[in-house]
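For reference, upload28.csv is printed below; it contains CSV, C-alpha atoms.
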```
chain,number,residue,atom,x,y,z
Y,28,MET,CA,0.0,0.0,0.0
Y,29,LEU,CA,1.2,3.5,-0.8
Y,30,ASP,CA,2.8,5.3,2.1
Y,31,ALA,CA,0.4,7.8,3.8
Y,32,HIS,CA,2.8,10.7,3.4
Y,33,LEU,CA,2.7,10.3,-0.4
Y,34,TYR,CA,-1.0,10.5,-0.8
Y,35,ASN,CA,-1.3,14.3,-1.2
Y,36,ALA,CA,1.6,14.4,-3.7
Y,37,VAL,CA,0.0,11.6,-5.8
Y,38,TYR,CA,-3.4,13.2,-5.6
Y,39,LEU,CA,-2.0,16.6,-6.8
Y,40,ALA,CA,0.0,14.9,-9.6
Y,41,VAL,CA,-3.0,13.1,-11.0
Y,42,VAL,CA,-5.1,16.3,-10.8
Y,43,THR,CA,-2.4,18.4,-12.4
Y,44,ILE,CA,-1.7,16.0,-15.3
Y,45,CYS,CA,-5.4,15.6,-16.1
Y,46,SER,CA,-5.9,19.4,-15.9
Y,47,ILE,CA,-3.0,20.1,-18.3
Y,48,PHE,CA,-4.6,17.4,-20.6
Y,49,VAL,CA,-8.0,19.1,-20.5
Y,50,VAL,CA,-6.8,22.7,-21.2
Y,51,ASN,CA,-4.6,21.6,-24.1
Y,52,LYS,CA,-7.4,19.8,-25.9
Y,53,PRO,CA,-9.6,21.7,-28.3
Y,54,SER,CA,-12.7,22.9,-26.6
Y,55,SER,CA,-14.8,20.9,-29.1
Y,56,GLN,CA,-13.2,17.7,-27.9
Y,57,VAL,CA,-13.4,18.5,-24.2
Y,58,LYS,CA,-17.0,19.8,-24.4
Y,59,GLY,CA,-19.5,17.2,-23.4
Y,60,ASN,CA,-16.8,14.6,-22.6
Y,61,ASN,CA,-17.9,13.1,-19.3
Y,62,ALA,CA,-15.7,10.0,-19.4
Y,63,LEU,CA,-12.7,11.7,-17.8
Y,64,GLY,CA,-14.8,13.2,-15.0
Y,65,LEU,CA,-16.4,9.8,-14.2
Y,66,THR,CA,-13.1,8.0,-14.3
Y,67,LEU,CA,-11.6,10.5,-11.9
Y,68,MET,CA,-14.6,10.2,-9.6
Y,69,LEU,CA,-14.2,6.4,-9.4
Y,70,PHE,CA,-10.4,6.6,-9.0
Y,71,MET,CA,-10.6,9.2,-6.2
Y,72,MET,CA,-13.3,7.2,-4.4
Y,73,LEU,CA,-11.1,4.1,-4.3
Y,74,PHE,CA,-7.8,5.9,-3.9
Y,75,ILE,CA,-9.0,8.0,-0.9
Y,76,GLY,CA,-11.4,5.4,0.5
Y,77,PHE,CA,-8.8,2.7,0.8
Y,78,ARG,CA,-6.1,5.0,2.2
Y,79,PRO,CA,-4.1,3.6,5.1
Y,80,GLN,CA,-5.2,4.3,8.6
Y,81,SER,CA,-2.7,6.9,9.6
Y,82,GLY,CA,-2.3,10.0,11.8
Y,83,VAL,CA,-1.1,11.8,8.6
Y,84,PHE,CA,-4.8,12.2,7.9
Y,85,VAL,CA,-5.3,13.7,11.3
Y,86,ASP,CA,-9.0,13.2,12.3
Y,87,MET,CA,-9.1,9.8,10.5
Y,88,MET,CA,-7.7,8.1,13.6
Y,89,ASN,CA,-10.5,9.6,15.7
Y,90,TYR,CA,-13.1,7.8,13.5
Y,91,VAL,CA,-11.1,4.6,13.7
Y,92,GLN,CA,-11.1,4.9,17.5
Y,93,TYR,CA,-14.9,5.7,17.7
Y,94,TYR,CA,-15.7,2.7,15.4
Y,95,HIS,CA,-13.7,0.1,17.5
Y,96,THR,CA,-14.6,1.6,20.9
Y,97,PHE,CA,-18.3,2.5,20.6
Y,98,TYR,CA,-19.8,0.8,17.6
Y,99,GLU,CA,-18.1,-2.4,16.4
Y,100,GLY,CA,-20.3,-5.4,17.0
Y,101,ARG,CA,-22.9,-3.5,19.0
Y,102,PRO,CA,-26.6,-3.6,18.2
Y,103,PHE,CA,-27.7,-0.6,16.2
Y,104,ILE,CA,-30.2,1.9,17.8
Y,105,TRP,CA,-30.8,5.2,16.1
Y,106,ASP,CA,-29.2,7.9,18.3
Y,107,TRP,CA,-31.4,11.0,18.4
Y,108,ASN,CA,-28.9,12.7,20.5
Y,109,ALA,CA,-26.1,12.4,17.9
Y,110,GLU,CA,-24.4,15.6,17.0
Y,111,ASN,CA,-24.8,14.8,13.3
Y,112,TYR,CA,-27.8,12.6,12.9
Y,113,ILE,CA,-27.0,10.9,9.6
Y,114,PHE,CA,-23.2,10.7,9.6
Y,115,ASP,CA,-22.9,9.5,13.2
Y,116,ASN,CA,-25.7,6.9,12.8
Y,117,ILE,CA,-24.1,5.6,9.5
Y,118,LEU,CA,-20.9,5.0,11.4
Y,119,ALA,CA,-22.8,3.2,14.2
Y,120,TYR,CA,-24.8,1.1,11.7
Y,121,ILE,CA,-21.7,0.0,9.8
Y,122,GLY,CA,-20.1,-1.0,13.1
Y,123,SER,CA,-23.2,-3.0,14.2
Y,124,LEU,CA,-22.8,-5.1,11.0
Y,125,ASN,CA,-19.1,-5.6,11.5
Y,126,LEU,CA,-18.4,-4.3,7.9
Y,127,GLY,CA,-15.1,-2.8,9.0
Y,128,VAL,CA,-13.9,0.8,9.3
Y,129,THR,CA,-12.4,0.6,5.8
Y,130,PHE,CA,-15.9,0.1,4.4
Y,131,PHE,CA,-17.0,3.2,6.2
Y,132,PHE,CA,-14.2,5.3,4.7
Y,133,VAL,CA,-14.9,4.0,1.2
Y,134,LEU,CA,-18.6,4.8,1.6
Y,135,ILE,CA,-17.8,8.4,2.8
Y,136,ALA,CA,-15.3,8.9,-0.1
Y,137,ALA,CA,-18.0,7.7,-2.5
Y,138,ILE,CA,-20.5,10.2,-1.0
Y,139,TYR,CA,-17.8,13.0,-1.1
Y,140,PHE,CA,-16.5,12.5,-4.6
Y,141,GLY,CA,-19.7,11.0,-6.1
Y,142,SER,CA,-22.1,13.7,-4.8
Y,143,ALA,CA,-19.8,16.5,-6.1
Y,144,TYR,CA,-19.5,14.7,-9.5
Y,145,TRP,CA,-23.3,14.3,-9.8
Y,146,GLY,CA,-24.0,17.9,-8.8
Y,147,ILE,CA,-21.2,19.3,-11.1
Y,148,LYS,CA,-22.5,17.1,-14.0
Y,149,ARG,CA,-25.9,18.7,-13.6
Y,150,LEU,CA,-24.5,22.2,-13.3
Y,151,PHE,CA,-21.9,21.8,-16.2
Y,152,PRO,CA,-23.5,19.2,-18.6
Y,153,ASN,CA,-21.2,20.4,-21.4
Y,154,ASP,CA,-18.0,20.8,-19.5
Y,155,THR,CA,-18.1,18.2,-16.7
Y,156,ALA,CA,-14.5,17.2,-16.9
Y,157,MET,CA,-13.0,20.7,-16.5
Y,158,ALA,CA,-15.5,21.6,-13.8
Y,159,TYR,CA,-14.9,18.4,-11.8
Y,160,LEU,CA,-11.1,18.9,-12.1
Y,161,ALA,CA,-11.6,22.4,-10.7
Y,162,PHE,CA,-13.3,20.8,-7.7
Y,163,LEU,CA,-10.5,18.3,-7.3
Y,164,GLY,CA,-7.9,20.9,-7.6
Y,165,ALA,CA,-9.5,23.3,-5.1
Y,166,PHE,CA,-7.3,24.3,-2.1
Y,167,SER,CA,-9.3,22.3,0.5
Y,168,THR,CA,-10.6,19.3,-1.5
Y,169,PHE,CA,-7.9,16.8,-0.5
Y,170,GLY,CA,-8.0,17.8,3.2
Y,171,TYR,CA,-11.7,17.5,3.5
Y,172,GLY,CA,-11.6,14.1,1.8
Y,173,THR,CA,-9.1,12.7,4.2
Y,174,ASN,CA,-9.4,14.7,7.4
Y,175,GLY,CA,-12.6,16.8,7.9
Y,176,ILE,CA,-14.7,14.1,6.2
Y,177,LYS,CA,-18.0,15.0,7.8
Y,178,ALA,CA,-17.8,18.6,6.6
Y,179,GLY,CA,-16.5,17.4,3.2
Y,180,ALA,CA,-19.3,15.0,2.6
Y,181,ALA,CA,-21.8,17.6,3.7
Y,182,ALA,CA,-20.3,20.2,1.4
Y,183,SER,CA,-20.5,17.8,-1.6
Y,184,LEU,CA,-24.1,17.0,-0.8
Y,185,PHE,CA,-24.7,20.7,-0.6
Y,186,ILE,CA,-23.4,21.1,-4.2
Y,187,LEU,CA,-25.8,18.3,-5.3
Y,188,ALA,CA,-28.7,20.0,-3.4
Y,189,LEU,CA,-28.0,23.3,-5.1
Y,190,SER,CA,-28.0,21.7,-8.5
Y,191,PHE,CA,-31.7,20.9,-7.9
Y,192,TYR,CA,-32.4,24.5,-7.1
Y,193,ARG,CA,-35.4,24.5,-9.6
Y,194,ASN,CA,-36.9,21.3,-8.2
Y,195,TRP,CA,-38.0,22.0,-4.6
Y,196,LYS,CA,-39.3,18.5,-4.0
Y,197,ILE,CA,-35.7,17.3,-4.3
Y,198,CYS,CA,-33.8,20.4,-3.2
Y,199,LEU,CA,-35.4,20.8,0.3
Y,200,PRO,CA,-35.1,17.2,1.4
Y,201,MET,CA,-31.5,17.2,0.2
Y,202,MET,CA,-30.8,20.2,2.4
Y,203,LEU,CA,-32.0,18.2,5.4
Y,204,VAL,CA,-29.6,15.4,4.4
Y,205,VAL,CA,-26.8,18.0,4.2
Y,206,LEU,CA,-27.6,19.1,7.7
Y,207,GLY,CA,-27.7,15.6,8.9
Y,208,PHE,CA,-24.1,15.0,7.8
Y,209,HIS,CA,-22.6,18.1,9.5
Y,210,HIS,CA,-24.3,20.7,11.7
Y,211,SER,CA,-22.0,23.5,10.5
Y,212,MET,CA,-24.0,23.5,7.2
Y,213,THR,CA,-26.7,25.4,9.0
Y,214,MET,CA,-24.9,28.5,8.0
Y,215,ALA,CA,-24.7,27.5,4.3
Y,216,ILE,CA,-28.4,26.5,4.3
Y,217,ALA,CA,-29.3,29.9,5.9
Y,218,ALA,CA,-27.2,31.6,3.2
Y,219,PHE,CA,-29.2,29.7,0.5
Y,220,VAL,CA,-32.5,30.9,2.0
Y,221,VAL,CA,-31.2,34.5,2.1
Y,222,ALA,CA,-30.0,34.1,-1.5
Y,223,VAL,CA,-33.4,32.9,-2.7
Y,224,LEU,CA,-35.4,35.5,-0.9
Y,225,TRP,CA,-33.2,38.5,-1.4
Y,226,LYS,CA,-33.0,39.2,-5.1
Y,227,ASN,CA,-30.5,42.1,-5.7
Y,228,PRO,CA,-26.9,40.8,-6.0
Y,229,LYS,CA,-25.6,44.3,-5.5
Y,230,HIS,CA,-26.5,44.2,-1.8
Y,231,PHE,CA,-24.5,41.0,-1.5
Y,232,PHE,CA,-21.4,42.5,-3.0
Y,233,VAL,CA,-21.7,45.5,-0.7
Y,234,GLY,CA,-22.1,43.1,2.3
Y,235,TRP,CA,-19.1,41.1,1.3
Y,236,LEU,CA,-17.0,44.3,1.1
Y,237,PHE,CA,-18.3,45.4,4.5
Y,238,CYS,CA,-17.2,42.1,6.0
Y,239,LEU,CA,-13.7,42.5,4.4
Y,240,LEU,CA,-13.4,46.0,5.9
Y,241,CYS,CA,-14.4,44.6,9.3
Y,242,ALA,CA,-11.8,41.9,9.0
Y,243,ALA,CA,-9.1,44.4,8.0
Y,244,ALA,CA,-10.0,46.6,11.0
Y,245,HIS,CA,-10.0,43.6,13.3
Y,246,ILE,CA,-13.6,44.1,14.5
Y,247,SER,CA,-14.4,41.1,16.7
Y,248,TYR,CA,-18.1,42.1,17.5
Y,249,PHE,CA,-19.5,39.7,15.0
Y,250,GLN,CA,-17.3,36.8,16.0
Y,251,GLU,CA,-18.5,37.1,19.6
Y,252,LEU,CA,-22.1,37.5,18.3
Y,253,PHE,CA,-21.9,34.2,16.3
Y,254,ALA,CA,-20.2,32.4,19.2
Y,255,GLY,CA,-23.3,33.2,21.3
Y,256,LEU,CA,-25.7,32.0,18.6
Y,257,THR,CA,-24.0,28.7,17.6
Y,258,ASP,CA,-23.8,25.4,19.6
Y,259,ASP,CA,-21.0,24.5,22.0
Y,260,SER,CA,-18.8,23.0,19.2
Y,261,GLY,CA,-19.0,26.1,17.0
Y,262,ALA,CA,-18.5,28.4,20.0
Y,263,SER,CA,-15.3,26.5,21.0
Y,264,TYR,CA,-13.8,27.3,17.5
Y,265,LEU,CA,-14.9,30.9,17.6
Y,266,ASN,CA,-13.7,31.6,21.1
Y,267,SER,CA,-10.4,29.8,20.6
Y,268,VAL,CA,-7.5,32.3,20.4
Y,269,ASP,CA,-4.6,30.1,21.6
Y,270,SER,CA,-1.4,31.2,19.9
Y,271,ASP,CA,0.0,27.7,20.3
Y,272,TRP,CA,-2.8,25.9,18.4
Y,273,GLY,CA,-0.4,25.0,15.6
Y,274,GLY,CA,-2.0,26.9,12.7
Y,275,LYS,CA,-1.7,30.4,11.3
Y,276,SER,CA,-3.9,33.1,12.8
Y,277,GLY,CA,-4.5,36.8,12.2
Y,278,PHE,CA,-5.6,38.6,9.0
Y,279,ARG,CA,-5.1,36.0,6.3
Y,280,LEU,CA,-4.2,38.0,3.2
Y,281,ASP,CA,-3.5,34.8,1.3
Y,282,PHE,CA,-7.0,33.4,2.0
Y,283,VAL,CA,-8.6,36.8,1.2
Y,284,LEU,CA,-6.9,37.0,-2.2
Y,285,TYR,CA,-8.0,33.4,-2.8
Y,286,SER,CA,-11.6,34.1,-1.8
Y,287,SER,CA,-11.8,37.2,-3.8
Y,288,MET,CA,-11.4,35.5,-7.2
Y,289,PRO,CA,-15.1,34.3,-7.5
Y,290,VAL,CA,-16.2,37.8,-6.3
Y,291,LEU,CA,-14.2,39.6,-9.1
Y,292,VAL,CA,-15.4,37.1,-11.7
Y,293,GLY,CA,-18.9,37.5,-10.4
Y,294,TYR,CA,-18.9,41.3,-10.5
Y,295,TYR,CA,-17.5,41.2,-14.1
Y,296,ALA,CA,-20.0,38.6,-15.2
Y,297,ILE,CA,-23.1,40.4,-13.8
Y,298,TYR,CA,-22.2,44.1,-14.4
Y,299,LYS,CA,-19.9,43.9,-17.5
Y,300,HIS,CA,-21.3,40.9,-19.4
Y,301,LYS,CA,-24.9,41.4,-18.1
Y,302,ILE,CA,-25.3,37.7,-17.2
Y,303,GLU,CA,-28.8,37.2,-15.7
Y,304,SER,CA,-28.7,33.4,-15.0
Y,305,LYS,CA,-30.9,32.7,-11.9
Y,306,MET,CA,-28.8,29.7,-11.1
Y,307,TYR,CA,-25.6,31.6,-11.2
Y,308,ASN,CA,-27.1,34.5,-9.2
Y,309,MET,CA,-28.1,32.1,-6.5
Y,310,LEU,CA,-24.7,30.3,-6.4
Y,311,LEU,CA,-22.8,33.6,-6.2
Y,312,LYS,CA,-25.0,35.1,-3.5
Y,313,VAL,CA,-24.6,31.9,-1.4
Y,314,TYR,CA,-20.9,32.2,-1.8
Y,315,LEU,CA,-20.8,35.9,-0.9
Y,316,VAL,CA,-22.8,35.4,2.3
Y,317,THR,CA,-20.8,32.3,3.6
Y,318,ASN,CA,-17.4,33.8,2.7
Y,319,GLY,CA,-18.4,37.1,4.3
Y,320,VAL,CA,-19.3,35.3,7.5
Y,321,TRP,CA,-15.9,33.6,7.5
Y,322,MET,CA,-14.1,37.0,7.2
Y,323,LEU,CA,-16.0,38.3,10.2
Y,324,CYS,CA,-14.6,35.4,12.2
Y,325,MET,CA,-11.1,35.4,10.6
Y,326,TYR,CA,-9.1,36.0,13.8
Y,327,ALA,CA,-10.3,32.9,15.7
Y,328,ASN,CA,-8.4,29.7,15.4
Y,329,PHE,CA,-9.6,26.9,13.1
Y,330,THR,CA,-11.4,29.5,10.9
Y,331,ASN,CA,-10.3,27.4,7.9
Y,332,ARG,CA,-13.2,25.2,8.9
Y,333,ILE,CA,-15.6,28.2,8.6
Y,334,ALA,CA,-13.9,29.2,5.4
Y,335,TYR,CA,-14.6,25.8,3.9
Y,336,ILE,CA,-18.3,26.4,4.1
Y,337,SER,CA,-17.8,28.9,1.2
Y,338,TRP,CA,-14.8,27.2,-0.3
Y,339,GLY,CA,-16.8,24.0,-0.8
Y,340,ILE,CA,-18.7,25.7,-3.7
Y,341,TYR,CA,-15.7,27.9,-4.7
Y,342,PRO,CA,-14.8,26.1,-8.0
Y,343,ILE,CA,-18.5,25.9,-9.0
Y,344,VAL,CA,-19.1,29.7,-8.5
Y,345,LEU,CA,-15.7,30.5,-10.2
Y,346,LEU,CA,-16.3,28.6,-13.4
Y,347,TYR,CA,-20.1,28.7,-13.8
Y,348,PRO,CA,-20.3,32.0,-15.8
Y,349,LEU,CA,-17.2,31.2,-17.8
Y,350,LEU,CA,-18.4,27.8,-19.0
Y,351,ASN,CA,-22.2,28.1,-19.0
Y,352,GLU,CA,-22.8,31.7,-20.1
Y,353,ASN,CA,-21.9,33.9,-23.1
Y,354,TRP,CA,-18.4,35.2,-22.3
Y,355,GLY,CA,-17.4,36.1,-25.9
Y,356,VAL,CA,-15.4,34.4,-28.6
Y,357,LYS,CA,-12.4,33.6,-26.4
Y,358,LYS,CA,-14.6,32.0,-23.8
Y,359,TYR,CA,-12.6,28.8,-23.3
Y,360,ARG,CA,-9.3,30.6,-23.4
Y,361,VAL,CA,-10.4,32.8,-20.5
Y,362,ALA,CA,-11.8,29.8,-18.6
Y,363,ALA,CA,-8.6,27.8,-19.1
Y,364,LYS,CA,-6.4,30.6,-17.7
Y,365,ILE,CA,-8.6,31.0,-14.6
Y,366,PHE,CA,-8.9,27.3,-14.2
Y,367,MET,CA,-5.1,26.8,-14.2
Y,368,ALA,CA,-4.5,29.9,-11.9
Y,369,HIS,CA,-6.9,28.2,-9.5
Y,370,LEU,CA,-4.9,25.0,-9.6
Y,371,ALA,CA,-1.6,26.9,-9.4
Y,372,PHE,CA,-2.7,28.5,-6.1
Y,373,THR,CA,-3.4,25.1,-4.6
Y,374,LEU,CA,0.0,23.8,-5.8
Y,375,PHE,CA,1.8,26.8,-4.4
Y,376,MET,CA,0.1,26.6,-1.0
Y,377,GLN,CA,0.7,22.8,-0.7
Y,378,MET,CA,4.2,22.6,-2.1
Y,379,VAL,CA,5.7,25.9,-1.1
Y,380,TYR,CA,3.7,27.8,1.5
Y,381,TYR,CA,2.9,25.0,3.9
Y,382,ALA,CA,6.0,22.9,3.0
```
In structure tokens, what does this structure look like?
Amino acid sequence: MLDAHLYNAVYLAVVTICSIFVVNKPSSQVKGNNALGLTLMLFMMLFIGFRPQSGVFVDMMNYVQYYHTFYEGRPFIWDWNAENYIFDNILAYIGSLNLGVTFFFVLIAAIYFGSAYWGIKRLFPNDTAMAYLAFLGAFSTFGYGTNGIKAGAAASLFILALSFYRNWKICLPMMLVVLGFHHSMTMAIAAFVVAVLWKNPKHFFVGWLFCLLCAAAHISYFQELFAGLTDDSGASYLNSVDSDWGGKSGFRLDFVLYSSMPVLVGYYAIYKHKIESKMYNMLLKVYLVTNGVWMLCMYANFTNRIAYISWGIYPIVLLYPLLNENWGVKKYRVAAKIFMAHLAFTLFMQMVYYA
């Protein structure tokens, strides 16, 4: 079995090679070609699902311990007191059947990569391969497939739920499933409700800029407000300011620059290209709200977990107007440049910044 320390490097290599392949093929050959996206989804499901049980993947060992200590071989009873109703009970049910913890990780990987693929295929029917590679090449995708797997699975299910935006009979039950996988998605679902009810995108741009200014001025009022509104788990993140926690704190200019790309593309798409897609409007507004909330909480530790609520849909929001709307005669050239810049940021952060 491949050494756990090599998994991230192999993952990035596969995504990079496939990305170069896609952008160098004529758009007429890439367009509508779903075979590559489907192959990547199956590969990642097995590659990540069958990864070795190692502390390299951080929280993975907690799930291994929970499985063997609390669930393995014990009769299954639905736990209504579980923190995450669906995710926690899935782990308990698999343990009661003695299917093994590896089966659990493969199943969660299938939900993570499979739900994202299905949602992206629905949102990008003509450019599934490029859009799915953008998802795989996003800054947090590998980490939330191997470490924060509850939030990762919930975020992928959220992408799928958003793809059914025009079908409320599917969209609304899907949102409940999303919430059952991770309670942090309450904020994302609230942002979705706001995006549907509040029509004017200009107000969302102004709100995002206001949040950025508050972050730059180190205004902590909203962070304290959210800590009082959330549950104990969320409050523990927002109230944590330990300088020895092991991560980077303070004003994260790198994360702000990264987060601003879909905002700049969105502003250009709506006000320069006059794109009026209801689907894109909704996706962009959800991103602006969730990313703005993260900026208001930027100075707490573990805010990468709050940022991921917006970053989970980052590649979809970034590429939607470029691939699905009228962007001019050089549409695919512009899309390819932004697509590769998006991947380059991930490679720089993983191979240089954090290395």
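Relative to atom CA of Val223 of chain Y, atom CA of Tyr294 of chain Y is found at 18.5 Å.
Using all atoms listed in the file, the smallest distance between any of Y:Leu310, Y:Leu236, Y:Met87, Y:Leu134 and Ala188 of chain Y comes from Y:Leu310.
With only C-alpha atoms as the atoms that count, the residue of Y:Asn51, Y:Gln80, Y:Asn353, Y:Ser190 with the shortest distance to Lys148 of chain Y is Y:Ser190.
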Quick one: residues within 12 Å of Val233 of chain Y, all atoms listed in the file, excluding same-chain residues fewer than 5 positions away - as a PDB file with C-alpha atoms, in the frame of the given file?
```
ATOM      1  CA  ASN Y 227     -30.500  42.100  -5.700  1.00  0.00           C
ATOM      2  CA  PRO Y 228     -26.900  40.800  -6.000  1.00  0.00           C
ATOM      3  CA  CYS Y 238     -17.200  42.100   6.000  1.00  0.00           C
ATOM      4  CA  LEU Y 239     -13.700  42.500   4.400  1.00  0.00           C
ATOM      5  CA  LEU Y 240     -13.400  46.000   5.900  1.00  0.00           C
ATOM      6  CA  VAL Y 290     -16.200  37.800  -6.300  1.00  0.00           C
ATOM      7  CA  TYR Y 294     -18.900  41.300 -10.500  1.00  0.00           C
ATOM      8  CA  LYS Y 312     -25.000  35.100  -3.500  1.00  0.00           C
ATOM      9  CA  LEU Y 315     -20.800  35.900  -0.900  1.00  0.00           C
ATOM     10  CA  VAL Y 316     -22.800  35.400   2.300  1.00  0.00           C
ATOM     11  CA  GLY Y 319     -18.400  37.100   4.300  1.00  0.00           C
TER      12      GLY Y 319
END
```
Practice problem: Within 9 Å of segment 333-338 of chain Y, counting all atoms listed in the file, which residues show up once you throw out same-chain ones fewer than 6 positions away? Write them as a list of chain:residue names, please. | Solution: Y:Ala165, Y:Phe166, Y:Ser167, Y:Tyr171, Y:Ala178, Y:Gly179, Y:Ala182, Y:Ser211, Y:Met212, Y:Met214, Y:Ala215, Y:Phe282, Y:Ser286, Y:Val313, Y:Tyr314, Y:Leu315, Y:Val316, Y:Thr317, Y:Asn318, Y:Gly319, Y:Val320, Y:Trp321, Y:Met322, Y:Cys324, Y:Met325
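Rounded to one decimal, atom CA of Phe97 of chain Y and atom CA of Asn174 of chain Y lie 20.1 Å from each other.
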Practice problem: May I have the residues at most 10 Å from (-12.3, 13.5, 13.0) in the file's coordinates, counting only C-alpha atoms, as a VMD selection string? | Solution: chain Y and resid 84 to 93 173 to 178
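For Leu374 of chain Y, the non-local neighbours within 10 Å, defined as residues at least 6 positions apart in the same chain or in other chains and counting all atoms listed in the file, are Ala36, Leu39, Ala40, Thr43, Gly164, Ala165, Phe166, Ala368 and Tyr380 of chain Y.
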Exercise. Using atom CA of Gly339 of chain Y and atom CA of Leu163 of chain Y as the two end points, give the distance in Å to one decimal.
Key: 10.7 Å
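Here the question is which of Y:Ala137, Y:Thr373, Y:Asn153, Y:Glu303 gets nearest to Tyr38 of chain Y using only C-alpha atoms, and that residue is Y:Thr373.
Taking only C-alpha atoms into account, the protein, DNA and RNA residues within 8 Å of (-9.3, 7.1, -0.6) read Y:Met71, Y:Met72, Y:Leu73, Y:Phe74, Y:Ile75, Y:Gly76, Y:Phe77, Y:Arg78, Y:Phe132, Y:Val133, Y:Ala136, Y:Gly172, Y:Thr173.
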Quiz item: Pick the closest to Phe169 of chain Y from Y:Glu110, Y:Phe140, Y:Phe278, Y:Trp105: which is it, counting all atoms listed in the file?
Solution: Y:Phe140
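Minimum atom-to-atom distance to Pro289 of chain Y, evaluated using only C-alpha atoms, belongs to Y:Ile343 out of Y:Ile343, Y:Val42, Y:Ala218, Y:Ala327.
Among the candidates Y:Pro79, Y:Gly122, Y:Gly207, Y:Pro152, the residue lying nearest to Met28 of chain Y is Y:Pro79 (atoms considered: only C-alpha atoms).
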As JSON, what would the box around segment 209-216 of chain Y look like: edges along x, y and z, 5 Å added on every side, centre and edge lengths in Å to one decimal?
```
{"center_x": -25.2, "center_y": 23.3, "center_z": 8.0, "size_x": 16.4, "size_y": 20.4, "size_z": 17.4}
```
